[in-house]
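Shown next: input31.cif, given as mmCIF, C-alpha atoms.
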```
data_upload
loop_
_atom_site.label_atom_id
_atom_site.label_comp_id
_atom_site.auth_asym_id
_atom_site.auth_seq_id
_atom_site.Cartn_x
_atom_site.Cartn_y
_atom_site.Cartn_z
CA MET A 1 -46.05 -2.20 54.82
CA THR A 2 -49.40 -0.83 53.61
CA LEU A 3 -50.75 -1.35 50.13
CA THR A 4 -50.21 2.28 49.21
CA ALA A 5 -46.61 2.10 50.39
CA LEU A 6 -46.20 -1.11 48.43
CA ALA A 7 -47.40 0.65 45.29
CA ALA A 8 -45.01 3.55 45.80
CA THR A 9 -42.11 1.19 46.44
CA SER A 10 -42.91 -0.75 43.29
CA MET A 11 -42.98 2.43 41.25
CA LEU A 12 -39.65 3.64 42.60
CA SER A 13 -37.89 0.32 42.09
CA ALA A 14 -39.16 -0.41 38.57
CA PRO A 15 -37.35 0.97 35.52
CA ALA A 16 -39.40 3.26 33.30
CA ALA A 17 -39.52 0.68 30.53
CA ASP A 18 -41.21 -1.85 32.78
CA GLY A 19 -44.36 0.23 33.15
CA PRO A 20 -46.49 0.67 36.26
CA HIS A 21 -47.06 -2.10 38.75
CA ILE A 22 -50.21 -4.09 38.04
CA PRO A 23 -51.82 -5.10 41.36
CA THR A 24 -52.60 -8.76 41.95
CA PRO A 25 -54.19 -10.71 44.84
CA ASN A 26 -50.66 -11.32 46.12
CA ASP A 27 -50.53 -7.65 47.12
CA PHE A 28 -53.02 -8.47 49.88
CA TRP A 29 -50.76 -11.15 51.37
CA LEU A 30 -48.85 -9.20 54.03
CA PRO A 31 -47.37 -11.63 56.59
CA LEU A 32 -45.57 -10.12 59.57
CA PHE A 33 -44.19 -13.06 61.53
CA GLY A 34 -44.81 -16.70 62.35
CA PRO A 35 -44.09 -20.13 60.82
CA GLU A 36 -45.01 -20.91 57.22
CA GLY A 37 -48.73 -21.44 56.87
CA TRP A 38 -49.49 -19.87 60.28
CA GLN A 39 -48.21 -16.33 59.80
CA VAL A 40 -49.72 -13.40 61.62
CA THR A 41 -50.66 -10.95 58.88
CA GLU A 42 -51.08 -7.19 58.81
CA GLN A 43 -54.85 -7.62 58.48
CA MET A 44 -54.96 -9.74 61.63
CA VAL A 45 -53.11 -7.07 63.60
CA TRP A 46 -55.37 -4.28 62.37
CA GLY A 47 -58.41 -6.43 63.12
CA GLY A 48 -57.25 -6.66 66.73
CA VAL A 49 -56.51 -2.95 66.82
CA SER A 50 -60.04 -2.23 65.57
CA VAL A 51 -61.57 -4.11 68.52
CA ILE A 52 -59.48 -2.15 71.01
CA LEU A 53 -60.18 1.15 69.22
CA ILE A 54 -63.95 0.57 69.11
CA SER A 55 -64.05 -0.46 72.77
CA VAL A 56 -62.05 2.56 73.96
CA VAL A 57 -64.08 5.04 71.90
CA LEU A 58 -67.46 3.64 72.94
CA VAL A 59 -66.55 3.53 76.62
CA ALA A 60 -65.03 7.02 76.54
CA LEU A 61 -67.98 8.62 74.77
CA THR A 62 -70.70 6.91 76.81
CA LYS A 63 -69.06 7.10 80.23
CA GLY A 64 -71.25 9.22 82.49
CA ALA A 65 -74.13 9.26 79.98
CA GLN A 66 -76.65 12.00 80.63
CA VAL A 67 -80.24 12.75 79.65
CA VAL A 68 -78.96 15.77 77.74
CA PRO A 69 -76.16 14.11 75.78
CA SER A 70 -72.76 15.54 75.03
CA LYS A 71 -71.64 15.72 71.41
CA GLY A 72 -69.77 12.45 71.74
CA GLN A 73 -72.70 10.68 73.40
CA TRP A 74 -75.06 12.08 70.77
CA MET A 75 -72.88 10.68 67.96
CA VAL A 76 -72.70 7.24 69.55
CA GLU A 77 -76.45 7.19 70.20
CA GLY A 78 -77.13 8.10 66.57
CA PHE A 79 -74.81 5.34 65.40
CA TYR A 80 -76.48 2.88 67.78
CA ASN A 81 -80.01 3.92 66.80
CA LEU A 82 -79.20 3.35 63.14
CA THR A 83 -78.71 -0.33 63.94
CA ARG A 84 -81.35 -0.58 66.66
CA ASN A 85 -84.22 1.17 64.91
CA GLY A 86 -83.20 1.22 61.25
CA VAL A 87 -82.15 -2.42 61.07
CA ALA A 88 -83.12 -4.60 64.04
CA ARG A 89 -86.58 -3.22 64.83
CA ASP A 90 -87.62 -2.70 61.22
CA MET A 91 -86.47 -6.13 60.05
CA ILE A 92 -87.13 -8.38 63.07
CA GLY A 93 -90.13 -6.60 64.59
CA THR A 94 -90.86 -4.97 67.93
CA LYS A 95 -91.49 -8.27 69.73
CA ASP A 96 -88.10 -9.94 69.37
CA PHE A 97 -85.65 -7.37 68.07
CA MET A 98 -83.97 -6.16 71.30
CA LYS A 99 -82.20 -9.44 72.06
CA PHE A 100 -80.41 -9.23 68.70
CA VAL A 101 -79.39 -5.55 68.84
CA PRO A 102 -76.02 -6.22 70.56
CA LEU A 103 -75.07 -8.72 67.85
CA LEU A 104 -76.16 -6.51 64.97
CA PHE A 105 -74.57 -3.38 66.43
CA THR A 106 -71.31 -5.25 66.97
CA LEU A 107 -71.33 -6.61 63.42
CA PHE A 108 -72.07 -3.24 61.86
CA THR A 109 -69.51 -1.34 63.93
CA LEU A 110 -66.74 -3.90 63.51
CA ILE A 111 -67.24 -4.30 59.76
CA TYR A 112 -67.56 -0.57 59.14
CA VAL A 113 -64.41 0.37 61.07
CA ASN A 114 -62.38 -2.37 59.39
CA ASN A 115 -63.71 -1.28 56.00
CA LEU A 116 -62.70 2.30 56.74
CA PHE A 117 -59.16 1.08 57.32
CA GLY A 118 -58.99 0.74 53.54
CA ILE A 119 -58.79 4.52 53.09
CA LEU A 120 -57.49 5.77 56.44
CA PRO A 121 -53.75 6.25 56.98
CA PRO A 122 -51.57 4.74 58.25
CA VAL A 123 -53.48 1.51 57.52
CA MET A 124 -54.71 1.85 53.91
CA ASN A 125 -55.69 -1.82 53.99
CA PRO A 126 -59.31 -3.10 54.25
CA THR A 127 -59.31 -5.99 56.71
CA TYR A 128 -62.32 -7.58 55.05
CA GLY A 129 -60.43 -7.65 51.77
CA LYS A 130 -59.10 -10.99 53.06
CA ILE A 131 -61.74 -13.70 52.66
CA GLY A 132 -61.17 -15.19 56.13
CA PHE A 133 -62.69 -12.17 57.88
CA PRO A 134 -65.99 -12.13 55.95
CA ILE A 135 -66.24 -15.90 56.45
CA ALA A 136 -65.81 -15.50 60.22
CA ALA A 137 -68.52 -12.81 60.42
CA THR A 138 -70.83 -14.90 58.22
CA LEU A 139 -70.35 -18.00 60.39
CA VAL A 140 -71.61 -16.04 63.41
CA VAL A 141 -74.75 -15.00 61.52
CA TYR A 142 -75.15 -18.53 60.10
CA VAL A 143 -75.11 -20.17 63.53
CA VAL A 144 -77.42 -17.58 65.10
CA TYR A 145 -80.23 -17.64 62.54
CA HIS A 146 -80.32 -21.44 62.39
CA TRP A 147 -80.15 -21.70 66.16
CA VAL A 148 -83.04 -19.29 66.82
CA GLY A 149 -85.17 -20.98 64.16
CA ILE A 150 -84.59 -24.48 65.52
CA LYS A 151 -85.10 -23.27 69.10
CA LYS A 152 -88.48 -21.78 68.20
CA MET A 153 -89.86 -24.47 65.88
CA GLY A 154 -87.89 -27.59 66.68
CA LEU A 155 -85.66 -29.32 64.16
CA GLY A 156 -88.49 -30.87 62.13
CA GLY A 157 -90.59 -27.73 62.26
CA TYR A 158 -87.66 -25.62 61.09
CA PHE A 159 -87.13 -27.74 57.99
CA ALA A 160 -90.89 -27.79 57.32
CA HIS A 161 -90.88 -24.01 57.68
CA MET A 162 -88.62 -23.73 54.65
CA ILE A 163 -91.45 -24.79 52.32
CA PRO A 164 -93.97 -22.01 51.51
CA ASP A 165 -97.57 -22.61 52.58
CA GLY A 166 -100.21 -23.34 49.99
CA LEU A 167 -98.09 -25.39 47.59
CA PRO A 168 -99.54 -28.58 46.06
CA GLY A 169 -98.20 -31.70 47.73
CA TRP A 170 -96.53 -33.02 44.58
CA ILE A 171 -94.30 -29.98 44.18
CA LYS A 172 -93.03 -29.83 47.77
CA PRO A 173 -90.31 -32.49 47.25
CA LEU A 174 -89.00 -30.36 44.37
CA ILE A 175 -89.07 -27.08 46.30
CA PHE A 176 -87.49 -28.38 49.51
CA PRO A 177 -84.00 -29.03 48.04
CA LEU A 178 -83.96 -25.54 46.55
CA GLU A 179 -84.94 -23.96 49.85
CA PHE A 180 -82.46 -26.13 51.74
CA ILE A 181 -79.66 -24.98 49.44
CA THR A 182 -80.78 -21.36 49.89
CA TYR A 183 -80.79 -21.53 53.69
CA PHE A 184 -77.62 -23.56 54.18
CA ILE A 185 -75.40 -22.70 51.21
CA THR A 186 -76.52 -19.74 49.09
CA ARG A 187 -77.19 -17.30 51.94
CA PRO A 188 -73.85 -17.66 53.76
CA LEU A 189 -71.91 -17.89 50.52
CA THR A 190 -73.33 -14.70 49.04
CA LEU A 191 -73.17 -12.88 52.39
CA ALA A 192 -69.43 -13.49 52.71
CA LEU A 193 -68.52 -13.05 49.04
CA ARG A 194 -70.46 -9.79 48.65
CA LEU A 195 -68.52 -8.13 51.47
CA PHE A 196 -65.19 -9.62 50.43
CA GLY A 197 -65.63 -8.85 46.73
CA ASN A 198 -66.48 -5.20 47.24
CA MET A 199 -63.62 -4.55 49.68
CA PHE A 200 -61.12 -6.47 47.56
CA ALA A 201 -62.10 -4.98 44.20
CA GLY A 202 -62.40 -1.41 45.49
CA HIS A 203 -58.95 -1.41 46.99
CA MET A 204 -57.44 -3.09 43.94
CA LEU A 205 -58.74 -0.15 41.88
CA ILE A 206 -57.30 2.38 44.32
CA LEU A 207 -53.96 0.58 44.26
CA LEU A 208 -54.04 0.53 40.46
CA PHE A 209 -54.73 4.27 40.09
CA VAL A 210 -52.28 5.34 42.81
CA GLY A 211 -49.56 3.04 41.49
CA ALA A 212 -50.00 4.04 37.85
CA SER A 213 -50.12 7.74 38.72
CA SER A 214 -46.96 7.42 40.78
CA TRP A 215 -45.19 5.69 37.91
CA PHE A 216 -46.16 8.38 35.41
CA LEU A 217 -45.02 11.10 37.81
CA LEU A 218 -41.71 9.54 38.84
CA ASP A 219 -40.60 7.26 36.00
CA ALA A 220 -42.24 8.42 32.79
CA SER A 221 -40.47 10.93 30.59
CA GLY A 222 -41.48 14.20 28.98
CA ALA A 223 -45.13 14.97 28.49
CA MET A 224 -46.08 11.48 29.74
CA LYS A 225 -45.64 12.82 33.26
CA LEU A 226 -48.80 14.91 32.75
CA LEU A 227 -50.82 11.69 32.76
CA ALA A 228 -50.22 11.56 36.50
CA ILE A 229 -52.67 14.46 36.94
CA PRO A 230 -55.86 12.67 35.77
CA GLY A 231 -54.58 9.54 37.50
CA PHE A 232 -54.35 11.23 40.88
CA LEU A 233 -57.72 12.94 40.33
CA MET A 234 -59.29 9.56 39.60
CA SER A 235 -57.61 8.18 42.72
CA ALA A 236 -59.30 10.90 44.78
CA VAL A 237 -62.67 10.06 43.21
CA MET A 238 -62.12 6.39 44.00
CA PHE A 239 -61.33 7.22 47.63
CA VAL A 240 -64.66 9.06 48.00
CA PHE A 241 -66.55 6.31 46.18
CA GLU A 242 -64.87 3.64 48.31
CA ALA A 243 -65.87 5.49 51.50
CA LEU A 244 -69.51 5.24 50.43
CA ILE A 245 -69.16 1.57 49.51
CA GLN A 246 -67.51 0.79 52.85
CA PHE A 247 -70.49 2.14 54.77
CA LEU A 248 -73.00 0.57 52.39
CA GLN A 249 -71.44 -2.90 52.60
CA ALA A 250 -71.38 -2.83 56.41
CA TYR A 251 -75.02 -1.75 56.41
CA VAL A 252 -76.09 -4.34 53.83
CA PHE A 253 -74.32 -7.15 55.69
CA THR A 254 -76.08 -6.18 58.94
CA LEU A 255 -79.43 -5.72 57.18
CA LEU A 256 -79.23 -9.17 55.59
CA ALA A 257 -78.20 -10.72 58.90
CA ALA A 258 -81.30 -9.20 60.51
CA SER A 259 -83.43 -10.38 57.58
CA TYR A 260 -82.23 -13.97 57.98
CA ILE A 261 -82.91 -13.88 61.72
CA ALA A 262 -86.38 -12.43 61.07
CA GLY A 263 -87.07 -15.22 58.56
CA ALA A 264 -86.05 -17.85 61.07
CA LEU A 265 -88.42 -16.33 63.67
CA ALA A 266 -91.37 -15.77 61.34
CA ASP A 267 -94.52 -17.80 61.87
CA ASP A 268 -94.89 -18.34 58.14
CA HIS A 269 -92.41 -18.61 55.26
#
```

Output the structure of this file as structure tokens.
Amino acid sequence: MTLTALAATSMLSAPAADGPHIPTPNDFWLPLFGPEGWQVTEQMVWGGVSVILISVVLVALTKGAQVVPSKGQWMVEGFYNLTRNGVARDMIGTKDFMKFVPLLFTLFTLIYVNNLFGILPPVMNPTYGKIGFPIAATLVVYVVYHWVGIKKMGLGGYFAHMIPDGLPGWIKPLIFPLEFITYFITRPLTLALRLFGNMFAGHMLILLFVGASSWFLLDASGAMKLLAIPGFLMSAVMFVFEALIQFLQAYVFTLLAASYIAGALADDH
């Protein structure tokens, strides 16, 4: 059952006196099957579907690539170049960026498609509105940027690299804990929570407007039914706004991932 269907069901089953359904975090818990505590959820299924969908589309549109591209190849190349040139090359630099393009392109594509699921039927459920998915993507970035930094500088050099050059010796012991917390705690925490928070909050608002509008239309009496009109109009506005946020959050996540990798590779702080 999708979140939109859940809202409609709640509206139809609730008496008029009860008022519209108020969405809660429990509306995102959509188990399908499995033992208690290990259920396969709707988000997990759609996450798997997204991988298959992306793979099929990319292979189909790039099969038999030509110098003069077809419309499909042109679209894929534009999507790829956004990550390659607009993120990887600009953030990491021309020397090292190519080895990280596959990772960044995969992150951007996977996050964007799963975000789009929040407004595309029949899904209507943003996969990254469940905290486990942003955490998984963040862990990949976390391991990569620490690994490339330690590989380049060595373990001791990597930790020394966290302290900006030119600081007086007495202040370095005070700065190091702050930088350590930034590299190992603050960065991954904010990277995951930013993506999760935007997908979760945006869809909660959509669910609220769609659910309330449905209740006014189906269960309210008299002139109160007219309140469904501005409610549905606001729902449409929220859908458009959410589409922009979905792209922006995928882009920001990928941009920050590239920034962290570039920082780990930089010769100075």

- List the neighbours of A:Asn85 out to 10 Å using only C-alpha atoms; skip same-chain residues closer than 4 positions along the sequence, and give me the result as a VMD selection string. chain A and resid 80 to 81 89 to 91 93 to 94 97 to 98 101

For the residues selected in the previous step, produce a file with C-alpha atoms as a PDB file, keeping the file's coordinate frame.
```pdb
ATOM      1  CA  TYR A  80     -76.480   2.880  67.780  1.00  0.00           C
ATOM      2  CA  ASN A  81     -80.010   3.920  66.800  1.00  0.00           C
ATOM      3  CA  ARG A  89     -86.580  -3.220  64.830  1.00  0.00           C
ATOM      4  CA  ASP A  90     -87.620  -2.700  61.220  1.00  0.00           C
ATOM      5  CA  MET A  91     -86.470  -6.130  60.050  1.00  0.00           C
ATOM      6  CA  GLY A  93     -90.130  -6.600  64.590  1.00  0.00           C
ATOM      7  CA  THR A  94     -90.860  -4.970  67.930  1.00  0.00           C
ATOM      8  CA  PHE A  97     -85.650  -7.370  68.070  1.00  0.00           C
ATOM      9  CA  MET A  98     -83.970  -6.160  71.300  1.00  0.00           C
ATOM     10  CA  VAL A 101     -79.390  -5.550  68.840  1.00  0.00           C
TER      11      VAL A 101
END
```

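Residue nearest A:Ala137, chosen from A:Tyr260, A:Phe253, A:Tyr158, A:Phe33 and counting all atoms listed in the file: A:Phe253.
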
- Query: Which residue gives the smallest distance to A:Ala201 among A:Gln66, A:Ser214, A:Thr106, A:Gln246, with all atoms listed in the file counted?
  - Reply: A:Gln246

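The environment of A:Val113 within 10 Å, counting only C-alpha atoms and disregarding residues fewer than 2 places along the same chain, consists of Gly47, Ser50, Val51, Leu53, Ile54, Phe108, Thr109, Leu110, Ile111, Asn115, Leu116, Phe117, Gly118, Leu120, Pro126, Thr127, Gln246, Phe247 and Ala250 of chain A.
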
- Item | Neighbour list for stretch 141-157 of chain A as a PyMOL selection string, cut-off 9 Å, only C-alpha atoms, skip fewer than 4 positions in-chain | chain A and resi 103+137+161-162+183-184+187-188+257-258+260-266

Export of the given selection (C-alpha atoms) as an mmCIF file, keeping the file's coordinate frame:
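Saved to result-v4.cif:
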```cif
data_model
loop_
_atom_site.group_PDB
_atom_site.id
_atom_site.type_symbol
_atom_site.label_atom_id
_atom_site.label_comp_id
_atom_site.auth_asym_id
_atom_site.auth_seq_id
_atom_site.Cartn_x
_atom_site.Cartn_y
_atom_site.Cartn_z
ATOM 1 C CA LEU A 103 -75.070 -8.720 67.850
ATOM 2 C CA ALA A 137 -68.520 -12.810 60.420
ATOM 3 C CA HIS A 161 -90.880 -24.010 57.680
ATOM 4 C CA MET A 162 -88.620 -23.730 54.650
ATOM 5 C CA TYR A 183 -80.790 -21.530 53.690
ATOM 6 C CA PHE A 184 -77.620 -23.560 54.180
ATOM 7 C CA ARG A 187 -77.190 -17.300 51.940
ATOM 8 C CA PRO A 188 -73.850 -17.660 53.760
ATOM 9 C CA ALA A 257 -78.200 -10.720 58.900
ATOM 10 C CA ALA A 258 -81.300 -9.200 60.510
ATOM 11 C CA TYR A 260 -82.230 -13.970 57.980
ATOM 12 C CA ILE A 261 -82.910 -13.880 61.720
ATOM 13 C CA ALA A 262 -86.380 -12.430 61.070
ATOM 14 C CA GLY A 263 -87.070 -15.220 58.560
ATOM 15 C CA ALA A 264 -86.050 -17.850 61.070
ATOM 16 C CA LEU A 265 -88.420 -16.330 63.670
ATOM 17 C CA ALA A 266 -91.370 -15.770 61.340
#
```

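Counting only C-alpha atoms, the residue from A:Pro122, A:Tyr112, A:Glu77, A:Lys130 that sits nearest to A:Gln43 is A:Lys130.
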
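Closest approach to A:Ile206 among A:Leu226, A:Met234, A:Val57, A:Ala136: A:Met234, based on all atoms listed in the file.
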
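Picture a line from atom CA of A:Val210 to atom CA of A:Asn114; it runs 20.9 Å.
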
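In this structure, atom CA of A:Thr182 sits 17.2 Å away from atom CA of A:Val140.
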
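Distance check against A:Leu205 using all atoms listed in the file: of A:Ala236, A:Leu189, A:Ala223, A:Val68, the minimum falls on A:Ala236.
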
- Tell me, as a PyMOL selection string, which residues lie within 12 Å of A:Pro25, counting only C-alpha atoms; anything in the same chain fewer than 6 positions away does not count. chain A and resi 3+129-131+197+200-201+203-205+207

Just the selected residues (C-alpha atoms), exported as a PDB file, keeping the file's coordinate frame, please.
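Heads up, here's the output in part_37.pdb:
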```pdb
ATOM      1  CA  LEU A   3     -50.750  -1.350  50.130  1.00  0.00           C
ATOM      2  CA  GLY A 129     -60.430  -7.650  51.770  1.00  0.00           C
ATOM      3  CA  LYS A 130     -59.100 -10.990  53.060  1.00  0.00           C
ATOM      4  CA  ILE A 131     -61.740 -13.700  52.660  1.00  0.00           C
ATOM      5  CA  GLY A 197     -65.630  -8.850  46.730  1.00  0.00           C
ATOM      6  CA  PHE A 200     -61.120  -6.470  47.560  1.00  0.00           C
ATOM      7  CA  ALA A 201     -62.100  -4.980  44.200  1.00  0.00           C
ATOM      8  CA  HIS A 203     -58.950  -1.410  46.990  1.00  0.00           C
ATOM      9  CA  MET A 204     -57.440  -3.090  43.940  1.00  0.00           C
ATOM     10  CA  LEU A 205     -58.740  -0.150  41.880  1.00  0.00           C
ATOM     11  CA  LEU A 207     -53.960   0.580  44.260  1.00  0.00           C
TER      12      LEU A 207
END
```
